[in-house]
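Coordinates as given in input-v6.pdb (PDB, N, CA and C atoms, pLDDT in the B column):
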```pdb
ATOM      1  N   MET T   1      74.352  47.042 -22.426  1.00 60.00           N
ATOM      2  CA  MET T   1      73.160  47.147 -21.611  1.00 60.00           C
ATOM      3  C   MET T   1      71.940  46.580 -22.330  1.00 60.00           C
ATOM      4  N   SER T   2      71.904  46.679 -23.662  1.00 77.00           N
ATOM      5  CA  SER T   2      70.744  46.168 -24.387  1.00 77.00           C
ATOM      6  C   SER T   2      70.605  44.654 -24.222  1.00 77.00           C
ATOM      7  N   ARG T   3      71.720  43.939 -24.021  1.00 73.00           N
ATOM      8  CA  ARG T   3      71.639  42.490 -23.813  1.00 73.00           C
ATOM      9  C   ARG T   3      70.949  42.191 -22.482  1.00 73.00           C
ATOM     10  N   LEU T   4      71.269  42.958 -21.437  1.00 72.00           N
ATOM     11  CA  LEU T   4      70.620  42.780 -20.141  1.00 72.00           C
ATOM     12  C   LEU T   4      69.123  43.040 -20.261  1.00 72.00           C
ATOM     13  N   VAL T   5      68.743  44.085 -20.972  1.00 77.00           N
ATOM     14  CA  VAL T   5      67.324  44.389 -21.179  1.00 77.00           C
ATOM     15  C   VAL T   5      66.641  43.240 -21.911  1.00 77.00           C
ATOM     16  N   LYS T   6      67.312  42.670 -22.907  1.00 74.00           N
ATOM     17  CA  LYS T   6      66.738  41.534 -23.640  1.00 74.00           C
ATOM     18  C   LYS T   6      66.530  40.344 -22.715  1.00 74.00           C
ATOM     19  N   PHE T   7      67.566  39.971 -21.952  1.00 73.00           N
ATOM     20  CA  PHE T   7      67.435  38.830 -21.044  1.00 73.00           C
ATOM     21  C   PHE T   7      66.312  39.047 -20.038  1.00 73.00           C
ATOM     22  N   LEU T   8      66.309  40.181 -19.390  1.00 74.00           N
ATOM     23  CA  LEU T   8      65.314  40.418 -18.351  1.00 74.00           C
ATOM     24  C   LEU T   8      63.926  40.633 -18.943  1.00 74.00           C
ATOM     25  N   GLY T   9      63.840  41.257 -20.103  1.00 76.00           N
ATOM     26  CA  GLY T   9      62.548  41.447 -20.748  1.00 76.00           C
ATOM     27  C   GLY T   9      61.922  40.133 -21.193  1.00 76.00           C
ATOM     28  N   ASP T  10      62.751  39.234 -21.706  1.00 75.00           N
ATOM     29  CA  ASP T  10      62.249  37.942 -22.178  1.00 75.00           C
ATOM     30  C   ASP T  10      61.914  36.987 -21.026  1.00 75.00           C
ATOM     31  N   HIS T  11      62.526  37.210 -19.854  1.00 72.00           N
ATOM     32  CA  HIS T  11      62.386  36.254 -18.744  1.00 72.00           C
ATOM     33  C   HIS T  11      62.068  36.956 -17.431  1.00 72.00           C
ATOM     34  N   VAL T  12      61.227  37.963 -17.496  1.00 68.00           N
ATOM     35  CA  VAL T  12      60.956  38.786 -16.317  1.00 68.00           C
ATOM     36  C   VAL T  12      60.409  37.955 -15.148  1.00 68.00           C
ATOM     37  N   GLU T  13      59.577  36.987 -15.397  1.00 68.00           N
ATOM     38  CA  GLU T  13      59.006  36.197 -14.303  1.00 68.00           C
ATOM     39  C   GLU T  13      60.041  35.287 -13.644  1.00 68.00           C
ATOM     40  N   GLU T  14      60.971  34.754 -14.426  1.00 71.00           N
ATOM     41  CA  GLU T  14      61.988  33.853 -13.872  1.00 71.00           C
ATOM     42  C   GLU T  14      63.118  34.604 -13.185  1.00 71.00           C
ATOM     43  N   ALA T  15      63.363  35.845 -13.582  1.00 66.00           N
ATOM     44  CA  ALA T  15      64.533  36.585 -13.101  1.00 66.00           C
ATOM     45  C   ALA T  15      64.235  37.361 -11.823  1.00 66.00           C
ATOM     46  N   ARG T  16      63.603  36.723 -10.885  1.00 65.00           N
ATOM     47  CA  ARG T  16      63.318  37.343  -9.594  1.00 65.00           C
ATOM     48  C   ARG T  16      64.485  37.068  -8.661  1.00 65.00           C
ATOM     49  N   PHE T  17      64.821  38.033  -7.827  1.00 62.00           N
ATOM     50  CA  PHE T  17      65.919  37.811  -6.907  1.00 62.00           C
ATOM     51  C   PHE T  17      65.614  36.628  -6.004  1.00 62.00           C
ATOM     52  N   GLY T  18      66.663  35.920  -5.638  1.00 68.00           N
ATOM     53  CA  GLY T  18      66.511  34.728  -4.830  1.00 68.00           C
ATOM     54  C   GLY T  18      66.524  33.448  -5.628  1.00 68.00           C
ATOM     55  N   LYS T  19      66.396  33.527  -6.936  1.00 77.00           N
ATOM     56  CA  LYS T  19      66.426  32.334  -7.773  1.00 77.00           C
ATOM     57  C   LYS T  19      67.784  32.187  -8.439  1.00 77.00           C
ATOM     58  N   THR T  20      68.093  30.964  -8.806  1.00 85.00           N
ATOM     59  CA  THR T  20      69.289  30.696  -9.602  1.00 85.00           C
ATOM     60  C   THR T  20      68.807  30.282 -10.982  1.00 85.00           C
ATOM     61  N   ILE T  21      69.200  31.069 -11.997  1.00 88.00           N
ATOM     62  CA  ILE T  21      68.697  30.857 -13.355  1.00 88.00           C
ATOM     63  C   ILE T  21      69.816  31.070 -14.364  1.00 88.00           C
ATOM     64  N   ALA T  22      69.611  30.586 -15.573  1.00 91.00           N
ATOM     65  CA  ALA T  22      70.557  30.822 -16.671  1.00 91.00           C
ATOM     66  C   ALA T  22      69.794  30.748 -17.993  1.00 91.00           C
ATOM     67  N   PHE T  23      70.107  31.677 -18.901  1.00 88.00           N
ATOM     68  CA  PHE T  23      69.485  31.724 -20.219  1.00 88.00           C
ATOM     69  C   PHE T  23      70.545  32.035 -21.258  1.00 88.00           C
ATOM     70  N   ASP T  24      70.370  31.510 -22.464  1.00 91.00           N
ATOM     71  CA  ASP T  24      71.302  31.743 -23.566  1.00 91.00           C
ATOM     72  C   ASP T  24      70.557  32.300 -24.776  1.00 91.00           C
ATOM     73  N   PHE T  25      71.255  33.082 -25.593  1.00 87.00           N
ATOM     74  CA  PHE T  25      70.760  33.426 -26.917  1.00 87.00           C
ATOM     75  C   PHE T  25      71.958  33.788 -27.787  1.00 87.00           C
ATOM     76  N   GLU T  26      71.767  33.733 -29.092  1.00 90.00           N
ATOM     77  CA  GLU T  26      72.827  34.060 -30.041  1.00 90.00           C
ATOM     78  C   GLU T  26      72.376  35.192 -30.946  1.00 90.00           C
ATOM     79  N   ASP T  27      73.348  36.027 -31.323  1.00 88.00           N
ATOM     80  CA  ASP T  27      73.103  37.072 -32.303  1.00 88.00           C
ATOM     81  C   ASP T  27      74.356  37.210 -33.166  1.00 88.00           C
ATOM     82  N   GLY T  28      74.464  38.274 -33.924  1.00 90.00           N
ATOM     83  CA  GLY T  28      75.598  38.465 -34.818  1.00 90.00           C
ATOM     84  C   GLY T  28      76.934  38.635 -34.108  1.00 90.00           C
ATOM     85  N   LEU T  29      76.912  38.875 -32.805  1.00 90.00           N
ATOM     86  CA  LEU T  29      78.149  39.042 -32.028  1.00 90.00           C
ATOM     87  C   LEU T  29      78.585  37.770 -31.322  1.00 90.00           C
ATOM     88  N   GLY T  30      77.767  36.725 -31.360  1.00 93.00           N
ATOM     89  CA  GLY T  30      78.148  35.459 -30.748  1.00 93.00           C
ATOM     90  C   GLY T  30      77.094  34.904 -29.814  1.00 93.00           C
ATOM     91  N   LYS T  31      77.526  34.033 -28.920  1.00 95.00           N
ATOM     92  CA  LYS T  31      76.637  33.373 -27.967  1.00 95.00           C
ATOM     93  C   LYS T  31      76.689  34.119 -26.634  1.00 95.00           C
ATOM     94  N   TRP T  32      75.527  34.534 -26.151  1.00 93.00           N
ATOM     95  CA  TRP T  32      75.391  35.271 -24.905  1.00 93.00           C
ATOM     96  C   TRP T  32      74.766  34.372 -23.848  1.00 93.00           C
ATOM     97  N   ARG T  33      75.195  34.539 -22.604  1.00 94.00           N
ATOM     98  CA  ARG T  33      74.635  33.773 -21.486  1.00 94.00           C
ATOM     99  C   ARG T  33      74.391  34.710 -20.313  1.00 94.00           C
ATOM    100  N   TYR T  34      73.182  34.668 -19.774  1.00 91.00           N
ATOM    101  CA  TYR T  34      72.831  35.405 -18.561  1.00 91.00           C
ATOM    102  C   TYR T  34      72.715  34.402 -17.426  1.00 91.00           C
ATOM    103  N   GLU T  35      73.346  34.701 -16.305  1.00 92.00           N
ATOM    104  CA  GLU T  35      73.216  33.868 -15.112  1.00 92.00           C
ATOM    105  C   GLU T  35      72.814  34.749 -13.950  1.00 92.00           C
ATOM    106  N   GLY T  36      71.823  34.318 -13.225  1.00 89.00           N
ATOM    107  CA  GLY T  36      71.398  34.990 -12.005  1.00 89.00           C
ATOM    108  C   GLY T  36      71.540  34.009 -10.853  1.00 89.00           C
ATOM    109  N   LYS T  37      72.278  34.415  -9.834  1.00 88.00           N
ATOM    110  CA  LYS T  37      72.504  33.559  -8.666  1.00 88.00           C
ATOM    111  C   LYS T  37      72.008  34.314  -7.448  1.00 88.00           C
ATOM    112  N   GLY T  38      70.939  33.834  -6.832  1.00 84.00           N
ATOM    113  CA  GLY T  38      70.342  34.567  -5.724  1.00 84.00           C
ATOM    114  C   GLY T  38      70.131  33.729  -4.491  1.00 84.00           C
ATOM    115  N   GLN T  39      69.923  34.439  -3.387  1.00 83.00           N
ATOM    116  CA  GLN T  39      69.662  33.789  -2.106  1.00 83.00           C
ATOM    117  C   GLN T  39      68.720  34.684  -1.315  1.00 83.00           C
ATOM    118  N   VAL T  40      67.634  34.107  -0.810  1.00 80.00           N
ATOM    119  CA  VAL T  40      66.688  34.847   0.010  1.00 80.00           C
ATOM    120  C   VAL T  40      66.889  34.427   1.459  1.00 80.00           C
ATOM    121  N   GLU T  41      66.965  35.414   2.329  1.00 80.00           N
ATOM    122  CA  GLU T  41      67.050  35.157   3.758  1.00 80.00           C
ATOM    123  C   GLU T  41      65.782  35.694   4.405  1.00 80.00           C
ATOM    124  N   GLU T  42      65.664  35.598   5.705  1.00 78.00           N
ATOM    125  CA  GLU T  42      64.410  35.948   6.370  1.00 78.00           C
ATOM    126  C   GLU T  42      63.939  37.371   6.042  1.00 78.00           C
ATOM    127  N   TYR T  43      64.825  38.340   6.072  1.00 77.00           N
ATOM    128  CA  TYR T  43      64.417  39.726   5.815  1.00 77.00           C
ATOM    129  C   TYR T  43      65.229  40.392   4.710  1.00 77.00           C
ATOM    130  N   GLY T  44      65.678  39.633   3.746  1.00 81.00           N
ATOM    131  CA  GLY T  44      66.430  40.262   2.677  1.00 81.00           C
ATOM    132  C   GLY T  44      66.858  39.273   1.614  1.00 81.00           C
ATOM    133  N   TRP T  45      67.670  39.751   0.706  1.00 80.00           N
ATOM    134  CA  TRP T  45      68.125  38.927  -0.404  1.00 80.00           C
ATOM    135  C   TRP T  45      69.505  39.395  -0.843  1.00 80.00           C
ATOM    136  N   HIS T  46      70.214  38.513  -1.512  1.00 84.00           N
ATOM    137  CA  HIS T  46      71.511  38.788  -2.117  1.00 84.00           C
ATOM    138  C   HIS T  46      71.462  38.163  -3.505  1.00 84.00           C
ATOM    139  N   ASP T  47      72.023  38.831  -4.483  1.00 86.00           N
ATOM    140  CA  ASP T  47      72.092  38.195  -5.790  1.00 86.00           C
ATOM    141  C   ASP T  47      73.268  38.730  -6.594  1.00 86.00           C
ATOM    142  N   GLU T  48      73.553  38.001  -7.650  1.00 90.00           N
ATOM    143  CA  GLU T  48      74.618  38.374  -8.571  1.00 90.00           C
ATOM    144  C   GLU T  48      74.124  38.067  -9.972  1.00 90.00           C
ATOM    145  N   GLU T  49      74.303  39.022 -10.880  1.00 89.00           N
ATOM    146  CA  GLU T  49      73.967  38.835 -12.287  1.00 89.00           C
ATOM    147  C   GLU T  49      75.261  38.806 -13.080  1.00 89.00           C
ATOM    148  N   LEU T  50      75.351  37.864 -14.003  1.00 92.00           N
ATOM    149  CA  LEU T  50      76.531  37.726 -14.845  1.00 92.00           C
ATOM    150  C   LEU T  50      76.087  37.588 -16.292  1.00 92.00           C
ATOM    151  N   ILE T  51      76.769  38.283 -17.195  1.00 92.00           N
ATOM    152  CA  ILE T  51      76.541  38.098 -18.630  1.00 92.00           C
ATOM    153  C   ILE T  51      77.886  37.820 -19.266  1.00 92.00           C
ATOM    154  N   SER T  52      77.917  36.757 -20.059  1.00 95.00           N
ATOM    155  CA  SER T  52      79.147  36.427 -20.787  1.00 95.00           C
ATOM    156  C   SER T  52      78.832  36.347 -22.278  1.00 95.00           C
ATOM    157  N   ARG T  53      79.855  36.616 -23.069  1.00 95.00           N
ATOM    158  CA  ARG T  53      79.755  36.501 -24.527  1.00 95.00           C
ATOM    159  C   ARG T  53      80.863  35.576 -24.988  1.00 95.00           C
ATOM    160  N   ASN T  54      80.474  34.507 -25.659  1.00 96.00           N
ATOM    161  CA  ASN T  54      81.432  33.500 -26.128  1.00 96.00           C
ATOM    162  C   ASN T  54      82.336  33.022 -24.987  1.00 96.00           C
ATOM    163  N   GLY T  55      81.743  32.858 -23.793  1.00 96.00           N
ATOM    164  CA  GLY T  55      82.468  32.336 -22.644  1.00 96.00           C
ATOM    165  C   GLY T  55      83.294  33.348 -21.872  1.00 96.00           C
ATOM    166  N   ILE T  56      83.274  34.622 -22.262  1.00 97.00           N
ATOM    167  CA  ILE T  56      84.049  35.654 -21.577  1.00 97.00           C
ATOM    168  C   ILE T  56      83.093  36.582 -20.823  1.00 97.00           C
ATOM    169  N   LEU T  57      83.333  36.757 -19.530  1.00 96.00           N
ATOM    170  CA  LEU T  57      82.492  37.605 -18.702  1.00 96.00           C
ATOM    171  C   LEU T  57      82.585  39.057 -19.173  1.00 96.00           C
ATOM    172  N   VAL T  58      81.425  39.674 -19.442  1.00 94.00           N
ATOM    173  CA  VAL T  58      81.399  41.070 -19.889  1.00 94.00           C
ATOM    174  C   VAL T  58      80.597  41.977 -18.953  1.00 94.00           C
ATOM    175  N   TYR T  59      79.860  41.393 -17.986  1.00 91.00           N
ATOM    176  CA  TYR T  59      79.030  42.190 -17.083  1.00 91.00           C
ATOM    177  C   TYR T  59      78.844  41.428 -15.789  1.00 91.00           C
ATOM    178  N   ARG T  60      78.991  42.139 -14.660  1.00 94.00           N
ATOM    179  CA  ARG T  60      78.724  41.533 -13.344  1.00 94.00           C
ATOM    180  C   ARG T  60      78.108  42.606 -12.448  1.00 94.00           C
ATOM    181  N   LEU T  61      77.051  42.234 -11.758  1.00 89.00           N
ATOM    182  CA  LEU T  61      76.412  43.133 -10.804  1.00 89.00           C
ATOM    183  C   LEU T  61      76.027  42.325  -9.578  1.00 89.00           C
ATOM    184  N   LYS T  62      76.409  42.803  -8.402  1.00 91.00           N
ATOM    185  CA  LYS T  62      76.006  42.176  -7.149  1.00 91.00           C
ATOM    186  C   LYS T  62      75.017  43.103  -6.456  1.00 91.00           C
ATOM    187  N   GLY T  63      73.985  42.511  -5.868  1.00 85.00           N
ATOM    188  CA  GLY T  63      72.970  43.312  -5.199  1.00 85.00           C
ATOM    189  C   GLY T  63      72.563  42.733  -3.863  1.00 85.00           C
ATOM    190  N   ASN T  64      72.127  43.589  -2.974  1.00 85.00           N
ATOM    191  CA  ASN T  64      71.607  43.221  -1.672  1.00 85.00           C
ATOM    192  C   ASN T  64      70.357  44.055  -1.423  1.00 85.00           C
ATOM    193  N   GLY T  65      69.411  43.511  -0.724  1.00 82.00           N
ATOM    194  CA  GLY T  65      68.219  44.275  -0.404  1.00 82.00           C
ATOM    195  C   GLY T  65      67.576  43.772   0.865  1.00 82.00           C
ATOM    196  N   ILE T  66      66.714  44.584   1.412  1.00 83.00           N
ATOM    197  CA  ILE T  66      65.976  44.185   2.603  1.00 83.00           C
ATOM    198  C   ILE T  66      64.488  44.263   2.319  1.00 83.00           C
ATOM    199  N   CYS T  67      63.745  43.557   3.108  1.00 74.00           N
ATOM    200  CA  CYS T  67      62.295  43.573   2.991  1.00 74.00           C
ATOM    201  C   CYS T  67      61.734  43.401   4.384  1.00 74.00           C
ATOM    202  N   PHE T  68      60.676  44.102   4.697  1.00 71.00           N
ATOM    203  CA  PHE T  68      60.075  44.005   6.006  1.00 71.00           C
ATOM    204  C   PHE T  68      58.958  42.964   6.059  1.00 71.00           C
ATOM    205  N   VAL T  69      58.819  42.185   5.014  1.00 67.00           N
ATOM    206  CA  VAL T  69      57.859  41.092   4.957  1.00 67.00           C
ATOM    207  C   VAL T  69      58.636  39.803   5.075  1.00 67.00           C
ATOM    208  N   PRO T  70      58.524  39.063   6.182  1.00 64.00           N
ATOM    209  CA  PRO T  70      59.293  37.823   6.345  1.00 64.00           C
ATOM    210  C   PRO T  70      59.064  36.848   5.188  1.00 64.00           C
ATOM    211  N   GLY T  71      60.132  36.237   4.707  1.00 55.00           N
ATOM    212  CA  GLY T  71      60.041  35.245   3.665  1.00 55.00           C
ATOM    213  C   GLY T  71      59.877  35.785   2.265  1.00 55.00           C
ATOM    214  N   PHE T  72      59.986  37.085   2.075  1.00 55.00           N
ATOM    215  CA  PHE T  72      59.837  37.693   0.756  1.00 55.00           C
ATOM    216  C   PHE T  72      60.895  37.188  -0.178  1.00 55.00           C
TER
END
```

Please express what this file holds, its structure, as structure tokens.
Amino acid sequence: MSRLVKFLGDHVEEARFGKTIAFDFEDGLGKWRYEGKGQVEEYGWHDEELISRNGILVYRLKGNGICFVPGF
């Protein structure tokens, strides 16, 4: 979980739902990659977060949400 906090803390402005993004960093455990794949629709959003270490997926979260503000 601390890796997710690092990725999102370092890139809070870029990691908004609806965007497709990817960031990498390395530490003593290897090379980490965060990928966010999102889609915004008229009244909601869908996204998926993925974290891999040395090319192996270690975390996946899918999310959906609604918003009453068109185009959010």

TODO: Take atom C of Phe25 of chain T and atom C of His46 of chain T and report the distance between them in Å, one decimal.
DONE: 24.7 Å

- [ ] Work out how far atom CA of Leu50 of chain T is from atom N of Leu29 of chain T, in Å to one decimal.
- [x]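 Going from atom N of Leu29 of chain T over to atom CA of Leu50 of chain T, I get 18.0 Å.
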
TODO: In Å, rounded to a single decimal, give me how far atom N of Val40 of chain T is from atom CA of Leu61 of chain T.
DONE: 16.1 Å

- [ ] Return as an MDAnalysis selection string the full set of residues in chain T whose backbone-based DSSP assignment is strand (DSSP E).
- [x] chainID T and resid 21:27 30:41 44:53 56:66

- [ ] Could you list the residues chosen by the PyMOL selection byres ((chain T and resi 66) around 5) in this structure as number ranges by chain?
- [x] T: 43-45, 64-65, 67-68

Could you tell me which residues the PyMOL selection byres ((chain T and resi 23) around 8) returns for this structure, as a JSON list (two decimals) with N, CA and C atoms, keeping the file's coordinate frame?
```
[["chain", "number", "residue", "atom", "x", "y", "z"],
["T", 7, "PHE", "N", 67.57, 39.97, -21.95],
["T", 7, "PHE", "CA", 67.44, 38.83, -21.04],
["T", 7, "PHE", "C", 66.31, 39.05, -20.04],
["T", 21, "ILE", "N", 69.20, 31.07, -12.00],
["T", 21, "ILE", "CA", 68.70, 30.86, -13.36],
["T", 21, "ILE", "C", 69.82, 31.07, -14.36],
["T", 22, "ALA", "N", 69.61, 30.59, -15.57],
["T", 22, "ALA", "CA", 70.56, 30.82, -16.67],
["T", 22, "ALA", "C", 69.79, 30.75, -17.99],
["T", 24, "ASP", "N", 70.37, 31.51, -22.46],
["T", 24, "ASP", "CA", 71.30, 31.74, -23.57],
["T", 24, "ASP", "C", 70.56, 32.30, -24.78],
["T", 25, "PHE", "N", 71.26, 33.08, -25.59],
["T", 25, "PHE", "CA", 70.76, 33.43, -26.92],
["T", 25, "PHE", "C", 71.96, 33.79, -27.79],
["T", 32, "TRP", "N", 75.53, 34.53, -26.15],
["T", 32, "TRP", "CA", 75.39, 35.27, -24.90],
["T", 32, "TRP", "C", 74.77, 34.37, -23.85],
["T", 33, "ARG", "N", 75.19, 34.54, -22.60],
["T", 33, "ARG", "CA", 74.64, 33.77, -21.49],
["T", 33, "ARG", "C", 74.39, 34.71, -20.31],
["T", 34, "TYR", "N", 73.18, 34.67, -19.77],
["T", 34, "TYR", "CA", 72.83, 35.40, -18.56],
["T", 34, "TYR", "C", 72.72, 34.40, -17.43],
["T", 35, "GLU", "N", 73.35, 34.70, -16.30],
["T", 35, "GLU", "CA", 73.22, 33.87, -15.11],
["T", 35, "GLU", "C", 72.81, 34.75, -13.95],
["T", 36, "GLY", "N", 71.82, 34.32, -13.22],
["T", 36, "GLY", "CA", 71.40, 34.99, -12.00],
["T", 36, "GLY", "C", 71.54, 34.01, -10.85]]
```

If the box runs along x, y and z of the file and leaves 4 Å on each side of segment 26-34 of chain T, what are its centre and edge lengths in Å, one decimal, as JSON?
```
{"center_x": 75.2, "center_y": 36.2, "center_z": -26.1, "size_x": 14.8, "size_y": 13.7, "size_z": 25.4}
```

Open item on the list: Once the PyMOL selection byres (((chain T and resi 37 and name CA) around 6) and name CA) is applied to the coordinates I shared, what remains selected? I want it as a PyMOL selection string.
Closed with: chain T and resi 20+36+38+47-48

Open item on the list: Please determine, counting only N, CA and C atoms, which residue among T:Arg3, T:Tyr59, T:Gly9, T:Arg53 has the shortest atom-to-atom distance to Lys31 of chain T.
Closed with: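 Of the candidates, the smallest distance to Lys31 of chain T is held by T:Arg53.
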
Task: Distance criterion (all atoms listed in the file): nearest to Gln39 of chain T out of T:Glu26, T:Leu4, T:Glu14, T:Lys19 - done: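 Closest candidate: T:Lys19.
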
Task: Residues of chain T in helix (DSSP H, G or I), written as number ranges by chain - done: T: 2-10

For segment 18-39 of chain T, supply N, CA, C and O atoms and report the output as an mmCIF file, in the coordinates of the input.
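Resulting contents of rebuild.cif:
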```cif
data_model
loop_
_atom_site.group_PDB
_atom_site.id
_atom_site.type_symbol
_atom_site.label_atom_id
_atom_site.label_comp_id
_atom_site.auth_asym_id
_atom_site.auth_seq_id
_atom_site.Cartn_x
_atom_site.Cartn_y
_atom_site.Cartn_z
ATOM 1 N N GLY T 18 66.663 35.920 -5.638
ATOM 2 C CA GLY T 18 66.511 34.728 -4.830
ATOM 3 C C GLY T 18 66.524 33.448 -5.628
ATOM 4 O O GLY T 18 66.649 32.373 -5.074
ATOM 5 N N LYS T 19 66.396 33.527 -6.936
ATOM 6 C CA LYS T 19 66.426 32.334 -7.773
ATOM 7 C C LYS T 19 67.784 32.187 -8.439
ATOM 8 O O LYS T 19 68.512 33.157 -8.624
ATOM 9 N N THR T 20 68.093 30.964 -8.806
ATOM 10 C CA THR T 20 69.289 30.696 -9.602
ATOM 11 C C THR T 20 68.807 30.282 -10.982
ATOM 12 O O THR T 20 68.072 29.305 -11.116
ATOM 13 N N ILE T 21 69.200 31.069 -11.997
ATOM 14 C CA ILE T 21 68.697 30.857 -13.355
ATOM 15 C C ILE T 21 69.816 31.070 -14.364
ATOM 16 O O ILE T 21 70.847 31.671 -14.043
ATOM 17 N N ALA T 22 69.611 30.586 -15.573
ATOM 18 C CA ALA T 22 70.557 30.822 -16.671
ATOM 19 C C ALA T 22 69.794 30.748 -17.993
ATOM 20 O O ALA T 22 68.922 29.884 -18.162
ATOM 21 N N PHE T 23 70.107 31.677 -18.901
ATOM 22 C CA PHE T 23 69.485 31.724 -20.219
ATOM 23 C C PHE T 23 70.545 32.035 -21.258
ATOM 24 O O PHE T 23 71.490 32.770 -20.985
ATOM 25 N N ASP T 24 70.370 31.510 -22.464
ATOM 26 C CA ASP T 24 71.302 31.743 -23.566
ATOM 27 C C ASP T 24 70.557 32.300 -24.776
ATOM 28 O O ASP T 24 69.371 32.014 -24.958
ATOM 29 N N PHE T 25 71.255 33.082 -25.593
ATOM 30 C CA PHE T 25 70.760 33.426 -26.917
ATOM 31 C C PHE T 25 71.958 33.788 -27.787
ATOM 32 O O PHE T 25 73.041 34.061 -27.291
ATOM 33 N N GLU T 26 71.767 33.733 -29.092
ATOM 34 C CA GLU T 26 72.827 34.060 -30.041
ATOM 35 C C GLU T 26 72.376 35.192 -30.946
ATOM 36 O O GLU T 26 71.203 35.311 -31.266
ATOM 37 N N ASP T 27 73.348 36.027 -31.323
ATOM 38 C CA ASP T 27 73.103 37.072 -32.303
ATOM 39 C C ASP T 27 74.356 37.210 -33.166
ATOM 40 O O ASP T 27 75.246 36.355 -33.110
ATOM 41 N N GLY T 28 74.464 38.274 -33.924
ATOM 42 C CA GLY T 28 75.598 38.465 -34.818
ATOM 43 C C GLY T 28 76.934 38.635 -34.108
ATOM 44 O O GLY T 28 77.989 38.544 -34.736
ATOM 45 N N LEU T 29 76.912 38.875 -32.805
ATOM 46 C CA LEU T 29 78.149 39.042 -32.028
ATOM 47 C C LEU T 29 78.585 37.770 -31.322
ATOM 48 O O LEU T 29 79.632 37.742 -30.707
ATOM 49 N N GLY T 30 77.767 36.725 -31.360
ATOM 50 C CA GLY T 30 78.148 35.459 -30.748
ATOM 51 C C GLY T 30 77.094 34.904 -29.814
ATOM 52 O O GLY T 30 75.925 35.264 -29.887
ATOM 53 N N LYS T 31 77.526 34.033 -28.920
ATOM 54 C CA LYS T 31 76.637 33.373 -27.967
ATOM 55 C C LYS T 31 76.689 34.119 -26.634
ATOM 56 O O LYS T 31 77.763 34.312 -26.057
ATOM 57 N N TRP T 32 75.527 34.534 -26.151
ATOM 58 C CA TRP T 32 75.391 35.271 -24.905
ATOM 59 C C TRP T 32 74.766 34.372 -23.848
ATOM 60 O O TRP T 32 73.893 33.565 -24.148
ATOM 61 N N ARG T 33 75.195 34.539 -22.604
ATOM 62 C CA ARG T 33 74.635 33.773 -21.486
ATOM 63 C C ARG T 33 74.391 34.710 -20.313
ATOM 64 O O ARG T 33 75.269 35.469 -19.923
ATOM 65 N N TYR T 34 73.182 34.668 -19.774
ATOM 66 C CA TYR T 34 72.831 35.405 -18.561
ATOM 67 C C TYR T 34 72.715 34.402 -17.426
ATOM 68 O O TYR T 34 72.071 33.367 -17.574
ATOM 69 N N GLU T 35 73.346 34.701 -16.305
ATOM 70 C CA GLU T 35 73.216 33.868 -15.112
ATOM 71 C C GLU T 35 72.814 34.749 -13.950
ATOM 72 O O GLU T 35 73.392 35.814 -13.737
ATOM 73 N N GLY T 36 71.823 34.318 -13.225
ATOM 74 C CA GLY T 36 71.398 34.990 -12.005
ATOM 75 C C GLY T 36 71.540 34.009 -10.853
ATOM 76 O O GLY T 36 71.011 32.908 -10.912
ATOM 77 N N LYS T 37 72.278 34.415 -9.834
ATOM 78 C CA LYS T 37 72.504 33.559 -8.666
ATOM 79 C C LYS T 37 72.008 34.314 -7.448
ATOM 80 O O LYS T 37 72.574 35.338 -7.081
ATOM 81 N N GLY T 38 70.939 33.834 -6.832
ATOM 82 C CA GLY T 38 70.342 34.567 -5.724
ATOM 83 C C GLY T 38 70.131 33.729 -4.491
ATOM 84 O O GLY T 38 70.153 32.503 -4.534
ATOM 85 N N GLN T 39 69.923 34.439 -3.387
ATOM 86 C CA GLN T 39 69.662 33.789 -2.106
ATOM 87 C C GLN T 39 68.720 34.684 -1.315
ATOM 88 O O GLN T 39 68.956 35.881 -1.176
#
```
